[in-house]
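*Asks:* First the structure, then my questions, so here it is.
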Amino acid sequence: MTSAVQWWCAATGLPWSWAWQWYPGVHLFLIVMALGWWRLGRRQHWSRRPWVPFLAGWVTLLVAIDWPLGKLGAGYLATAHTIQFLLLTLIVGPMMLRSIPIEGWERLAPAGSTLRRFLCFMARALPGLILFNLIVVTTHFPRIVDGAMGSQLGSFLIDGSWLLAGMILWWPIVAPPAFRRLRMFGKMGYIFGATIVPTIPAMMMVFSTWPLYELYELAPRVDVRLSANTDIQLAGLVMKVLGDIPLWIATAVIFFTESGEPAKESSHVA
Amino acid sequence: MGIRGGQGIHLRQRVARRAVALLVLGAIGCGADTPPLSPSGFIGAEVIDPRPVPDVTLTDQDGNPFPLRERTAGRVALIFFGYTNCPDICPVHLANLAAVLDKMDDDVRRNVSVIFVTTDPARDTIPRLGEWVHQFDPTFVGLTGPDSLITQAELGMRVAPSIRDSTADGGYQVGHAAQVIAVTRDGLARVQYPFGTRQRDWAHDLPRLIAFGD
């Protein structure tokens, strides 16, 4: 069965097929992002390009929003949708922030500029936690998921909001020291705080008597052996278990790398 | 006027508490719509002039004769016309019915039969039919028979007869009615459930279908 070209992965109600599909909007988005990063580096004359975080983020973004994961998540499997969420918020978001070096941030947001004040504000714990959790909960409302994923624009907005949520979540952790980032225990507490609210939609997916999302309950089955109920429960487990692991790892990394250097950190504060 | 010191902290705490409360309330209070009910209290679409189940004898997944009217008498039968190669509607309907029945009381399970009538008897052989329906639930019944009898059953249940559409690869798909027809214990095909009926809708209606006419 064939379908018209979609610019972004959205639910179609058509039977699942492993035939490759081209999503022009996805590829355009990826190209614009790569060109933007390249041009920013040239314009700002970065002394070194952070290739590793950029490529890690860019490739993960490709995996998260392109065929097949993007298509599976948009209209077939809640588990795939959750994996997209985790990739965008836990990998793409922080990697994209890391793909701009400290000198790049300094030039993007010079001291005293409005953008600098905004980024400093966002590097605090409370704005990050509130905004991240607001996006997570809102984008997991059944009405919003069921309503948005059937349209390409809605699906694009969900993916975009998750990418934004990832950057909001990680900014207080990875922001350059001059942007007044949290200290070690502040970061650890912040990460712990970020694991609490996503538990609500995750547990609702796991323990709801009936499938939470109409979209995935009535979606054509990818494999009849994986029922909609199992898929949605699995999605909840993936969200909680796989979602928390990177955060706990980040907490451990922060503890072991920063416990010996408080003086160095404070010397960077503007 | 700026907010400083303790006053600022209290304000931030209040804002944070309200934000968390909103998030929790929002997450809990989502997606609990109740669709409008039919005159008899069903979520499914009630037929104005219900007819009896057609008196046709098909063949079940074990190769035994299955007189439809006789075998559905005195219990609720959920009858669906489809085919095992169906890529979308059929597996979703059967999977959802299996999931709902799995969560219902034994009383409900004992009084409900799910009957799948193939609209593609050429490809849906008896072993294939049995294997396919039983992967959803071992109590589901799969029926087949000559095209003429299947069409008679479809017309008797007031659903559009199925048609075959050729596909580009030389095969064919079968266009068939997408609704499940619920037969109440009085033997009348009383309520129709279109594609899109959710598990919670079935959970609402099944006990009412069993109790109907008591």
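In the structure tokens, the first chain shown is A, the next is B, and so on; residue numbers restart at 1 for each chain, and ligands run from 1 in the order shown.
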Can you tell me which residues surround Phe118 in chain A at a distance of at most 12 Å, considering only C-alpha atoms, apart from same-chain residues fewer than 4 positions away, and format the answer as a list in words?
*Replies:* Ala109, Pro110, Ala111, Gly112, Ser113, Thr114, Met122, Ala123, Arg124, Pro127, Gly128, Ile168, Trp171, Phe179 and Arg180 of chain A
*Asks:* How would the residues just picked look written out with C-alpha atoms as a compact mmCIF listing (two decimals), in the first residue's frame?
*Replies:*
# COMPACT_ATOMS: atom_id res chain seq x y z
CA ALA A 109 25.34 35.92 24.55
CA PRO A 110 27.89 38.55 25.58
CA ALA A 111 27.91 39.76 29.18
CA GLY A 112 25.18 42.31 29.77
CA SER A 113 23.03 41.25 26.79
CA THR A 114 19.38 40.29 27.11
CA MET A 122 17.42 29.44 32.59
CA ALA A 123 20.57 28.00 34.16
CA ARG A 124 18.82 28.07 37.53
CA PRO A 127 12.83 27.51 35.69
CA GLY A 128 14.44 24.43 34.15
CA ILE A 168 15.95 23.24 28.89
CA TRP A 171 21.18 23.76 30.29
CA PHE A 179 26.38 31.46 33.00
CA ARG A 180 26.15 30.81 36.75
*Asks:* Determine, using only C-alpha atoms, which residues of chain A have any atom at most 10 Å from an atom of chain B, and tabulate each with its shortest atom pair and distance in Å to one decimal place, rows ordered by chain and then rising number, as JSON lines.
*Replies:*
{"residue": "A:Met1", "atom": "CA", "partner": "B:Thr167", "partner_atom": "CA", "distance": 8.4}
{"residue": "A:Gly13", "atom": "CA", "partner": "B:Asp88", "partner_atom": "CA", "distance": 8.0}
{"residue": "A:Leu14", "atom": "CA", "partner": "B:Asp88", "partner_atom": "CA", "distance": 7.3}
{"residue": "A:Pro15", "atom": "CA", "partner": "B:Pro87", "partner_atom": "CA", "distance": 5.5}
{"residue": "A:Trp16", "atom": "CA", "partner": "B:Pro87", "partner_atom": "CA", "distance": 7.9}
{"residue": "A:Ser17", "atom": "CA", "partner": "B:Pro87", "partner_atom": "CA", "distance": 9.8}
{"residue": "A:Leu126", "atom": "CA", "partner": "B:Ala16", "partner_atom": "CA", "distance": 7.8}
{"residue": "A:Pro127", "atom": "CA", "partner": "B:Ala16", "partner_atom": "CA", "distance": 9.4}
{"residue": "A:Leu129", "atom": "CA", "partner": "B:Ala16", "partner_atom": "CA", "distance": 9.6}
{"residue": "A:Ile130", "atom": "CA", "partner": "B:Ala19", "partner_atom": "CA", "distance": 7.1}
{"residue": "A:Leu131", "atom": "CA", "partner": "B:Ala19", "partner_atom": "CA", "distance": 9.6}
{"residue": "A:Asn133", "atom": "CA", "partner": "B:Leu23", "partner_atom": "CA", "distance": 7.7}
{"residue": "A:Leu134", "atom": "CA", "partner": "B:Leu23", "partner_atom": "CA", "distance": 6.6}
{"residue": "A:Ile135", "atom": "CA", "partner": "B:Leu23", "partner_atom": "CA", "distance": 9.7}
{"residue": "A:Val136", "atom": "CA", "partner": "B:Leu23", "partner_atom": "CA", "distance": 9.5}
{"residue": "A:Val137", "atom": "CA", "partner": "B:Ala27", "partner_atom": "CA", "distance": 6.4}
{"residue": "A:Thr138", "atom": "CA", "partner": "B:Ala27", "partner_atom": "CA", "distance": 7.9}
{"residue": "A:His140", "atom": "CA", "partner": "B:Ala27", "partner_atom": "CA", "distance": 8.1}
{"residue": "A:Phe141", "atom": "CA", "partner": "B:Cys30", "partner_atom": "CA", "distance": 6.3}
{"residue": "A:Pro142", "atom": "CA", "partner": "B:Gly31", "partner_atom": "CA", "distance": 5.8}
{"residue": "A:Arg143", "atom": "CA", "partner": "B:Gly31", "partner_atom": "CA", "distance": 6.0}
{"residue": "A:Ile144", "atom": "CA", "partner": "B:Gly31", "partner_atom": "CA", "distance": 9.5}
{"residue": "A:Asp146", "atom": "CA", "partner": "B:Gly31", "partner_atom": "CA", "distance": 9.9}
{"residue": "A:Val197", "atom": "CA", "partner": "B:Val24", "partner_atom": "CA", "distance": 7.9}
{"residue": "A:Pro198", "atom": "CA", "partner": "B:Ala27", "partner_atom": "CA", "distance": 10.0}
{"residue": "A:Ile200", "atom": "CA", "partner": "B:Ala27", "partner_atom": "CA", "distance": 7.0}
{"residue": "A:Pro201", "atom": "CA", "partner": "B:Ala27", "partner_atom": "CA", "distance": 6.7}
{"residue": "A:Met204", "atom": "CA", "partner": "B:Ile28", "partner_atom": "CA", "distance": 8.3}
{"residue": "A:Thr209", "atom": "CA", "partner": "B:Lys103", "partner_atom": "CA", "distance": 8.5}
{"residue": "A:Trp210", "atom": "CA", "partner": "B:Arg200", "partner_atom": "CA", "distance": 6.0}
{"residue": "A:Pro211", "atom": "CA", "partner": "B:Gln199", "partner_atom": "CA", "distance": 7.5}
{"residue": "A:Leu212", "atom": "CA", "partner": "B:Gly31", "partner_atom": "CA", "distance": 7.7}
{"residue": "A:Tyr213", "atom": "CA", "partner": "B:Gly31", "partner_atom": "CA", "distance": 8.5}
{"residue": "A:Glu214", "atom": "CA", "partner": "B:Arg198", "partner_atom": "CA", "distance": 7.3}
{"residue": "A:Leu215", "atom": "CA", "partner": "B:Gly196", "partner_atom": "CA", "distance": 9.6}
{"residue": "A:Glu217", "atom": "CA", "partner": "B:Arg198", "partner_atom": "CA", "distance": 7.4}
{"residue": "A:Leu218", "atom": "CA", "partner": "B:Val92", "partner_atom": "CA", "distance": 6.2}
{"residue": "A:Ala219", "atom": "CA", "partner": "B:Val92", "partner_atom": "CA", "distance": 7.4}
{"residue": "A:Pro220", "atom": "CA", "partner": "B:Asp88", "partner_atom": "CA", "distance": 4.5}
{"residue": "A:Arg221", "atom": "CA", "partner": "B:Asp88", "partner_atom": "CA", "distance": 6.7}
{"residue": "A:Val222", "atom": "CA", "partner": "B:Pro87", "partner_atom": "CA", "distance": 9.0}
{"residue": "A:Asp223", "atom": "CA", "partner": "B:Pro91", "partner_atom": "CA", "distance": 9.5}
{"residue": "A:Val224", "atom": "CA", "partner": "B:Pro91", "partner_atom": "CA", "distance": 6.7}
{"residue": "A:Arg225", "atom": "CA", "partner": "B:Gln135", "partner_atom": "CA", "distance": 7.8}
{"residue": "A:Leu226", "atom": "CA", "partner": "B:Ala95", "partner_atom": "CA", "distance": 9.5}
{"residue": "A:Ser227", "atom": "CA", "partner": "B:Ala95", "partner_atom": "CA", "distance": 6.6}
{"residue": "A:Ala228", "atom": "CA", "partner": "B:Asn96", "partner_atom": "CA", "distance": 7.9}
{"residue": "A:Asn229", "atom": "CA", "partner": "B:Ala99", "partner_atom": "CA", "distance": 7.5}
{"residue": "A:Thr230", "atom": "CA", "partner": "B:Ala99", "partner_atom": "CA", "distance": 9.8}
*Asks:* Output N, CA and C atoms for every residue in the selection just made, as a short mmCIF file (atom, residue, chain, number, x, y, z; two decimals), in the first residue's frame.
*Replies:*
data_model
loop_
_atom_site.label_atom_id
_atom_site.label_comp_id
_atom_site.auth_asym_id
_atom_site.auth_seq_id
_atom_site.Cartn_x
_atom_site.Cartn_y
_atom_site.Cartn_z
N MET A 1 0.84 -1.19 0.00
CA MET A 1 0.00 0.00 0.00
C MET A 1 0.88 1.26 0.00
N GLY A 13 -2.90 5.85 9.79
CA GLY A 13 -3.91 4.79 9.88
C GLY A 13 -3.67 3.69 8.85
N LEU A 14 -2.65 3.87 8.02
CA LEU A 14 -2.35 2.84 7.02
C LEU A 14 -1.60 1.69 7.68
N PRO A 15 -1.71 0.50 7.10
CA PRO A 15 -0.96 -0.63 7.67
C PRO A 15 0.53 -0.34 7.71
N TRP A 16 1.21 -0.89 8.70
CA TRP A 16 2.64 -0.69 8.83
C TRP A 16 3.37 -1.39 7.68
N SER A 17 4.40 -0.75 7.18
CA SER A 17 5.23 -1.37 6.14
C SER A 17 6.69 -1.05 6.44
N LEU A 126 14.97 26.08 39.22
CA LEU A 126 13.51 26.13 39.20
C LEU A 126 12.92 26.35 37.80
N PRO A 127 13.41 27.34 37.03
CA PRO A 127 12.83 27.51 35.69
C PRO A 127 13.01 26.26 34.83
N LEU A 129 13.32 23.09 35.81
CA LEU A 129 12.45 21.99 36.26
C LEU A 129 11.00 22.25 35.86
N ILE A 130 10.54 23.47 36.10
CA ILE A 130 9.13 23.77 35.81
C ILE A 130 8.85 23.63 34.31
N LEU A 131 9.69 24.24 33.50
CA LEU A 131 9.44 24.19 32.05
C LEU A 131 9.57 22.77 31.50
N ASN A 133 9.20 19.90 33.06
CA ASN A 133 8.09 19.05 33.49
C ASN A 133 6.78 19.46 32.83
N LEU A 134 6.61 20.75 32.63
CA LEU A 134 5.39 21.22 31.96
C LEU A 134 5.31 20.64 30.54
N ILE A 135 6.43 20.67 29.84
CA ILE A 135 6.44 20.13 28.47
C ILE A 135 6.21 18.62 28.50
N VAL A 136 6.88 17.94 29.43
CA VAL A 136 6.74 16.48 29.49
C VAL A 136 5.29 16.09 29.76
N VAL A 137 4.68 16.70 30.75
CA VAL A 137 3.31 16.32 31.10
C VAL A 137 2.34 16.72 29.99
N THR A 138 2.50 17.93 29.48
CA THR A 138 1.57 18.39 28.44
C THR A 138 1.64 17.49 27.21
N HIS A 140 2.30 14.50 27.00
CA HIS A 140 1.86 13.12 27.23
C HIS A 140 0.37 13.04 27.58
N PHE A 141 -0.33 14.19 27.59
CA PHE A 141 -1.77 14.14 27.77
C PHE A 141 -2.38 13.29 26.66
N PRO A 142 -3.25 12.34 26.97
CA PRO A 142 -3.87 11.56 25.88
C PRO A 142 -4.53 12.43 24.81
N ARG A 143 -5.24 13.48 25.22
CA ARG A 143 -5.93 14.29 24.21
C ARG A 143 -4.93 14.98 23.29
N ILE A 144 -3.83 15.39 23.86
CA ILE A 144 -2.83 16.10 23.04
C ILE A 144 -2.14 15.10 22.11
N ASP A 146 -3.25 12.11 21.09
CA ASP A 146 -4.20 11.61 20.09
C ASP A 146 -4.53 12.68 19.05
N VAL A 197 8.46 14.14 38.20
CA VAL A 197 7.19 14.37 37.49
C VAL A 197 6.98 13.40 36.31
N PRO A 198 8.01 13.07 35.52
CA PRO A 198 7.76 12.11 34.42
C PRO A 198 7.25 10.75 34.91
N ILE A 200 4.70 10.36 36.66
CA ILE A 200 3.24 10.37 36.62
C ILE A 200 2.72 9.80 35.29
N PRO A 201 3.08 10.39 34.13
CA PRO A 201 2.58 9.78 32.89
C PRO A 201 3.09 8.35 32.70
N MET A 204 0.96 6.09 34.77
CA MET A 204 -0.40 6.02 34.20
C MET A 204 -0.42 5.07 33.00
N THR A 209 -6.09 0.85 33.56
CA THR A 209 -6.84 -0.38 33.23
C THR A 209 -6.99 -0.52 31.72
N TRP A 210 -7.32 0.59 31.07
CA TRP A 210 -7.53 0.58 29.62
C TRP A 210 -6.44 1.41 28.96
N PRO A 211 -6.12 1.11 27.71
CA PRO A 211 -5.03 1.85 27.06
C PRO A 211 -5.26 3.36 27.12
N LEU A 212 -4.19 4.06 27.47
CA LEU A 212 -4.29 5.51 27.69
C LEU A 212 -4.50 6.27 26.38
N TYR A 213 -3.90 5.80 25.32
CA TYR A 213 -3.92 6.56 24.07
C TYR A 213 -4.76 5.84 23.01
N GLU A 214 -5.75 6.55 22.51
CA GLU A 214 -6.60 6.01 21.44
C GLU A 214 -5.75 5.72 20.20
N LEU A 215 -4.82 6.64 19.93
CA LEU A 215 -3.97 6.50 18.75
C LEU A 215 -3.31 5.13 18.69
N GLU A 217 -3.98 2.50 20.66
CA GLU A 217 -4.93 1.40 20.87
C GLU A 217 -5.52 0.95 19.54
N LEU A 218 -5.78 1.91 18.66
CA LEU A 218 -6.47 1.59 17.40
C LEU A 218 -5.52 1.59 16.20
N ALA A 219 -4.24 1.73 16.46
CA ALA A 219 -3.27 1.77 15.34
C ALA A 219 -3.16 0.39 14.70
N PRO A 220 -2.94 0.35 13.38
CA PRO A 220 -2.68 -0.95 12.75
C PRO A 220 -1.50 -1.61 13.45
N ARG A 221 -1.62 -2.88 13.69
CA ARG A 221 -0.59 -3.58 14.46
C ARG A 221 0.66 -3.81 13.62
N VAL A 222 1.80 -3.54 14.23
CA VAL A 222 3.07 -3.84 13.56
C VAL A 222 3.29 -5.35 13.60
N ASP A 223 2.93 -5.94 14.72
CA ASP A 223 3.00 -7.39 14.89
C ASP A 223 1.86 -7.76 15.84
N VAL A 224 0.98 -8.65 15.40
CA VAL A 224 -0.20 -8.95 16.23
C VAL A 224 0.18 -9.53 17.59
N ARG A 225 1.40 -10.01 17.72
CA ARG A 225 1.80 -10.57 19.02
C ARG A 225 2.05 -9.48 20.06
N LEU A 226 2.25 -8.25 19.58
CA LEU A 226 2.43 -7.14 20.52
C LEU A 226 1.12 -6.34 20.57
N SER A 227 0.34 -6.60 21.62
CA SER A 227 -0.96 -5.93 21.73
C SER A 227 -0.78 -4.47 22.11
N ALA A 228 -1.83 -3.70 21.89
CA ALA A 228 -1.79 -2.28 22.24
C ALA A 228 -1.56 -2.10 23.73
N ASN A 229 -2.20 -2.97 24.53
CA ASN A 229 -2.06 -2.85 25.99
C ASN A 229 -0.61 -3.07 26.42
N THR A 230 -0.01 -4.12 25.89
CA THR A 230 1.38 -4.42 26.24
C THR A 230 2.30 -3.30 25.77
#
*Asks:* What lies within 12 Å of Pro172 in chain A using only C-alpha atoms, ignoring chain neighbours under 2 positions off, as a ChimeraX atom specification?
*Replies:* /A:94,97,119-129,132,166-170,174-184,186-191,194
*Asks:* Using Å and a single decimal, report how far CA of Arg71 in chain B sits from CA of Asp55 in chain B.
*Replies:* 10.3 Å
*Asks:* Contacts of range 138-143 of chain B at 7 Å or less, counting only C-alpha atoms, minus same-chain residues fewer than 2 places along, as a ChimeraX atom specification?
*Replies:* /B:58-61,113-118,129-130,133-136
*Asks:* Pull C-alpha atoms from the residues just selected and write them as a tab-separated table (two decimals), in the first residue's frame.
*Replies:*
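Output saved as result_38.tsv:
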chain	number	residue	atom	x	y	z
B	58	LEU	CA	-20.94	-22.34	8.34
B	59	THR	CA	-17.85	-24.38	9.25
B	60	ASP	CA	-15.78	-23.64	12.34
B	61	GLN	CA	-11.99	-23.69	12.78
B	113	SER	CA	-18.91	-15.45	22.15
B	114	VAL	CA	-16.64	-13.73	19.68
B	115	ILE	CA	-17.26	-15.06	16.18
B	116	PHE	CA	-15.04	-14.14	13.26
B	117	VAL	CA	-16.48	-14.98	9.84
B	118	THR	CA	-13.92	-14.93	7.06
B	129	LEU	CA	-8.39	-19.58	10.50
B	130	GLY	CA	-8.02	-21.53	13.73
B	133	VAL	CA	-8.25	-16.44	15.84
B	134	HIS	CA	-6.68	-18.44	18.64
B	135	GLN	CA	-3.61	-16.22	18.76
B	136	PHE	CA	-5.95	-13.56	20.16
*Asks:* Just the helix (DSSP H, G or I) stuff from range 27-119 of chain A, please, per backbone DSSP, written as a tab-separated table (two decimals) with C-alpha atoms, in the first residue's frame.
*Replies:*
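The resulting file, out-v1.tsv, is reproduced below:
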chain	number	residue	atom	x	y	z
A	27	HIS	CA	15.90	15.86	6.20
A	28	LEU	CA	15.56	19.59	5.62
A	29	PHE	CA	15.51	20.13	9.39
A	30	LEU	CA	18.67	18.04	9.78
A	31	ILE	CA	20.45	19.84	6.94
A	32	VAL	CA	19.50	23.28	8.29
A	33	MET	CA	20.75	22.26	11.72
A	34	ALA	CA	24.10	21.04	10.36
A	35	LEU	CA	24.57	24.12	8.16
A	36	GLY	CA	23.62	26.40	11.03
A	37	TRP	CA	26.19	24.79	13.30
A	38	TRP	CA	28.87	24.95	10.60
A	39	ARG	CA	28.20	28.59	9.78
A	40	LEU	CA	28.04	29.60	13.43
A	41	GLY	CA	31.48	28.08	13.97
A	42	ARG	CA	32.92	29.90	10.96
A	43	ARG	CA	31.37	33.23	11.85
A	44	GLN	CA	32.54	33.04	15.44
A	51	TRP	CA	32.60	17.47	16.53
A	52	VAL	CA	31.86	14.59	18.88
A	53	PRO	CA	28.85	16.10	20.68
A	54	PHE	CA	27.54	17.57	17.46
A	55	LEU	CA	27.74	14.31	15.54
A	56	ALA	CA	26.36	12.32	18.48
A	57	GLY	CA	23.42	14.71	18.76
A	58	TRP	CA	22.86	14.99	15.02
A	59	VAL	CA	22.92	11.25	14.36
A	60	THR	CA	20.67	10.59	17.35
A	61	LEU	CA	18.29	13.23	16.06
A	62	LEU	CA	18.25	11.51	12.68
A	63	VAL	CA	17.48	8.18	14.36
A	64	ALA	CA	14.78	9.71	16.55
A	65	ILE	CA	12.74	11.59	13.96
A	69	LEU	CA	11.54	5.15	14.47
A	70	GLY	CA	9.81	8.43	13.61
A	71	LYS	CA	7.10	6.67	11.65
A	72	LEU	CA	6.64	3.93	14.26
A	73	GLY	CA	6.39	6.47	17.06
A	74	ALA	CA	4.06	8.78	15.20
A	75	GLY	CA	1.38	6.26	14.41
A	78	ALA	CA	3.74	3.97	22.01
A	79	THR	CA	7.05	2.34	22.93
A	80	ALA	CA	8.71	3.82	19.84
A	81	HIS	CA	7.18	7.20	20.71
A	82	THR	CA	8.69	6.98	24.19
A	83	ILE	CA	12.10	6.01	22.82
A	84	GLN	CA	11.92	9.11	20.60
A	85	PHE	CA	11.15	11.16	23.69
A	86	LEU	CA	14.13	9.75	25.57
A	87	LEU	CA	16.53	10.19	22.65
A	88	LEU	CA	15.47	13.80	22.10
A	89	THR	CA	15.47	14.86	25.73
A	90	LEU	CA	18.35	12.84	27.11
A	91	ILE	CA	20.81	12.75	24.21
A	92	VAL	CA	20.02	15.24	21.46
A	93	GLY	CA	19.24	18.14	23.81
A	94	PRO	CA	22.47	18.04	25.85
A	95	MET	CA	24.63	17.12	22.84
A	96	MET	CA	23.34	20.10	20.89
A	97	LEU	CA	24.17	22.39	23.82
A	98	ARG	CA	27.63	20.84	24.04
A	102	ILE	CA	32.23	27.98	25.65
A	103	GLU	CA	33.69	30.71	23.43
A	104	GLY	CA	30.69	30.29	21.14
A	105	TRP	CA	28.24	30.83	24.00
A	106	GLU	CA	30.26	33.86	25.14
A	107	ARG	CA	29.93	35.40	21.68
A	108	LEU	CA	26.30	34.40	21.23
A	114	THR	CA	19.38	40.29	27.11
A	115	LEU	CA	20.12	36.80	25.83
A	116	ARG	CA	22.83	36.43	28.49
A	117	ARG	CA	20.39	37.42	31.22
A	118	PHE	CA	17.83	34.96	29.83
A	119	LEU	CA	20.34	32.10	29.62
*Asks:* From a DSSP pass on the backbone, collect the residues of range 24-76 of chain B flagged as strand (DSSP E or B) and hand them back as a ChimeraX atom specification.
*Replies:* /B:45-52,57-60,65-67,76
*Asks:* Find the residues near range 149-156 of chain A: any atom within 7 Å, counting only C-alpha atoms, skip ones fewer than 5 places away on the same chain, and give them as an mmCIF file with C-alpha atoms, in the first residue's frame.
*Replies:*
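And here is the file that came out, out-v6.cif:
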data_model
loop_
_atom_site.group_PDB
_atom_site.id
_atom_site.type_symbol
_atom_site.label_atom_id
_atom_site.label_comp_id
_atom_site.auth_asym_id
_atom_site.auth_seq_id
_atom_site.Cartn_x
_atom_site.Cartn_y
_atom_site.Cartn_z
ATOM 1 C CA TRP A 8 7.055 14.925 8.775
ATOM 2 C CA CYS A 9 6.177 11.548 10.290
ATOM 3 C CA ALA A 10 2.529 11.515 11.360
ATOM 4 C CA ALA A 11 -0.114 8.875 11.984
ATOM 5 C CA THR A 12 -1.856 7.798 8.776
ATOM 6 C CA ALA A 74 4.059 8.779 15.198
ATOM 7 C CA GLY A 75 1.383 6.259 14.406
#
*Asks:* How far is it from CA of Lys240 in chain A to CA of Thr195 in chain A, in Å with one decimal?
*Replies:* 8.2 Å
*Asks:* For CA of Pro50 in chain A and CA of Met239 in chain A, determine how far apart the two atoms are, in Å to one decimal place.
*Replies:*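 Computed distance, CA of Pro50 in chain A to CA of Met239 in chain A, equals 29.2 Å.
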